[in-house]
Amino acid sequence: RDQWQRLHEPRRLLAIVLLGIAGAAAVVWLVSRGDLVGADARAYWVGVRTWLDGGDPYHPLGPSLPYVYAPWLLPLFVPWALLPWGVAWFVWSGLNVLLFLWTAEWAYRRHPLATALIVWLLLLPLIATVDTGNVTLLLALAVWAAQFVGPRLSASLWRIAASMKWFPVVLFFFLPPRARLWGLAAAAVALL
């Protein structure tokens with residue numbers, strides 16, 4: 001009964017409409033792209049498979065983009081890269097979408113209209129990230145997840161994210177205080 005009454009709040013209704021339109025726009029974009037999606041994810045997939053075959057992931061043969069991250073991160077992608085490309089792409093994009101929806105739902109329960117407005121502001125970069133299969137969204141979500149785990153795992157999530165892209169480095173200040181100390185230690189180990 002409380003949930004039904006909440007649906008009649010004008011701000012919540014506006015949030016639902018905005019999120020519905022954003023979701024529809026994202027689905028239309030991603031479906032219309034067809035086989036042209038996943039260039040970045042394919043680079044990770046090809047890079048790991050090239051490495052497993054004894055080749056150089058930084059200079060792949062064929063039309064794939066090169067793998068551009070630290071070599072010690074290659075093993076993180078191995079279980080996923082062992083899947084055939086069609087399955088790997090489905091898992092990768094599905095994981096991105098499901099984790100984003102989970103975080104959006106979490107935020108919506110706290111601030112529905114603010115969540116809808118932020119989703120609208122970030123809609124184009126979000127669609128582009130999911131469309132290309134870039135790891136950026138997963139890294140941002142890893143730092144978000146770091147808020148809900150212990151300090152060591154929190155620091156590890158941040159370190160992995162900061163090792164792959166520069167933007168999670170600034171998210172260091174959003175880590176829980178105890179995790180920041182572990183984060184500094186993890187960063188020192190990663191630099192070594």
# chains A, B, ... in the order shown; residues from 1 in each chain; ligands from 1
call {"tool": "residues_around", "arguments": {"residues": "Leu191 in chain A", "least_positions_apart": "5", "cutoff": "10 Å", "atoms": "only C-alpha atoms", "output": "short mmCIF file (atom, residue, chain, number, x, y, z; two decimals) with C-alpha atoms, in the first residue's frame"}}
result
data_model
loop_
_atom_site.label_atom_id
_atom_site.label_comp_id
_atom_site.auth_asym_id
_atom_site.auth_seq_id
_atom_site.Cartn_x
_atom_site.Cartn_y
_atom_site.Cartn_z
CA SER A 163 45.65 0.53 -12.80
CA ALA A 185 49.64 0.16 0.09
CA ALA A 186 47.94 -1.57 -2.87
#
call {"tool": "residues_around", "arguments": {"residues": "range 126-132 of chain A", "least_positions_apart": "3", "cutoff": "6 Å", "atoms": "only C-alpha atoms", "output": "PyMOL selection string"}}
result
chain A and resi 37-40+122-123
call {"tool": "residues_around", "arguments": {"residues": "Tyr67 in chain A", "least_positions_apart": "4", "cutoff": "8 Å", "atoms": "only C-alpha atoms", "output": "PyMOL selection string"}}
result
chain A and resi 43-44+46-47+57-59
call {"tool": "atom_distance", "arguments": {"atom1": "CA of Ala116 in chain A", "atom2": "CA of Trp166 in chain A"}}
result
26.8 Å
call {"tool": "residues_around", "arguments": {"residues": "Ala15 in chain A", "least_positions_apart": "2", "cutoff": "7 Å", "atoms": "only C-alpha atoms", "output": "PDB file with N, CA, C and O atoms, in the first residue's frame"}}
result
ATOM      1  N   ARG A  11       6.945  13.918  -8.248  1.00  0.00           N
ATOM      2  CA  ARG A  11       8.388  13.816  -8.511  1.00  0.00           C
ATOM      3  C   ARG A  11       8.774  12.386  -8.859  1.00  0.00           C
ATOM      4  O   ARG A  11       9.602  12.144  -9.728  1.00  0.00           O
ATOM      5  N   ARG A  12       8.170  11.435  -8.179  1.00  0.00           N
ATOM      6  CA  ARG A  12       8.463  10.027  -8.456  1.00  0.00           C
ATOM      7  C   ARG A  12       7.920   9.628  -9.835  1.00  0.00           C
ATOM      8  O   ARG A  12       8.571   8.911 -10.582  1.00  0.00           O
ATOM      9  N   LEU A  13       6.747  10.102 -10.180  1.00  0.00           N
ATOM     10  CA  LEU A  13       6.191   9.826 -11.506  1.00  0.00           C
ATOM     11  C   LEU A  13       7.066  10.410 -12.599  1.00  0.00           C
ATOM     12  O   LEU A  13       7.322   9.759 -13.620  1.00  0.00           O
ATOM     13  N   VAL A  17       9.022   8.327 -15.580  1.00  0.00           N
ATOM     14  CA  VAL A  17       8.891   8.645 -17.007  1.00  0.00           C
ATOM     15  C   VAL A  17      10.270   8.919 -17.609  1.00  0.00           C
ATOM     16  O   VAL A  17      10.608   8.402 -18.679  1.00  0.00           O
ATOM     17  N   LEU A  18      11.085   9.719 -16.917  1.00  0.00           N
ATOM     18  CA  LEU A  18      12.423  10.034 -17.430  1.00  0.00           C
ATOM     19  C   LEU A  18      13.279   8.778 -17.574  1.00  0.00           C
ATOM     20  O   LEU A  18      13.965   8.591 -18.579  1.00  0.00           O
ATOM     21  N   LEU A  19      13.243   7.910 -16.568  1.00  0.00           N
ATOM     22  CA  LEU A  19      14.034   6.677 -16.634  1.00  0.00           C
ATOM     23  C   LEU A  19      13.504   5.744 -17.718  1.00  0.00           C
ATOM     24  O   LEU A  19      14.287   5.076 -18.409  1.00  0.00           O
ATOM     25  N   PRO A 112      14.774   9.409  -6.116  1.00  0.00           N
ATOM     26  CA  PRO A 112      14.280   9.044  -7.449  1.00  0.00           C
ATOM     27  C   PRO A 112      14.520  10.103  -8.528  1.00  0.00           C
ATOM     28  O   PRO A 112      15.058   9.780  -9.592  1.00  0.00           O
ATOM     29  N   LEU A 113      14.132  11.330  -8.292  1.00  0.00           N
ATOM     30  CA  LEU A 113      14.250  12.347  -9.337  1.00  0.00           C
ATOM     31  C   LEU A 113      15.706  12.695  -9.609  1.00  0.00           C
ATOM     32  O   LEU A 113      16.111  12.849 -10.761  1.00  0.00           O
ATOM     33  N   ALA A 116      17.113   9.989 -11.779  1.00  0.00           N
ATOM     34  CA  ALA A 116      16.645  10.100 -13.165  1.00  0.00           C
ATOM     35  C   ALA A 116      17.389  11.211 -13.896  1.00  0.00           C
ATOM     36  O   ALA A 116      17.800  11.043 -15.054  1.00  0.00           O
TER      37      ALA A 116
END
call {"tool": "select_by_dssp", "arguments": {"residues": "range 35-66 of chain A", "states": "helix (DSSP H, G or I)", "output": "ChimeraX atom specification"}}
result
/A:35-36,39-52
call {"tool": "closest_residue", "arguments": {"among": "A:Ala107, A:Leu137, A:Leu101, A:Leu153", "to": "Pro125 in chain A", "atoms": "only C-alpha atoms"}}
result
A:Leu137
call {"tool": "closest_residue", "arguments": {"among": "A:Thr115, A:Thr136, A:Gln147, A:Thr50", "to": "Arg178 in chain A", "atoms": "only C-alpha atoms"}}
result
A:Gln147
call {"tool": "closest_residue", "arguments": {"among": "A:Leu98, A:Leu30, A:Leu52, A:Ala41", "to": "Trp85 in chain A", "atoms": "only C-alpha atoms"}}
result
A:Ala41
call {"tool": "closest_residue", "arguments": {"among": "A:Val169, A:Val135, A:Leu141, A:Ala179", "to": "Ala155 in chain A", "atoms": "only C-alpha atoms"}}
result
A:Ala179
call {"tool": "closest_residue", "arguments": {"among": "A:Arg109, A:Leu117, A:Gly150, A:Asn96", "to": "Leu138 in chain A", "atoms": "only C-alpha atoms"}}
result
A:Asn96
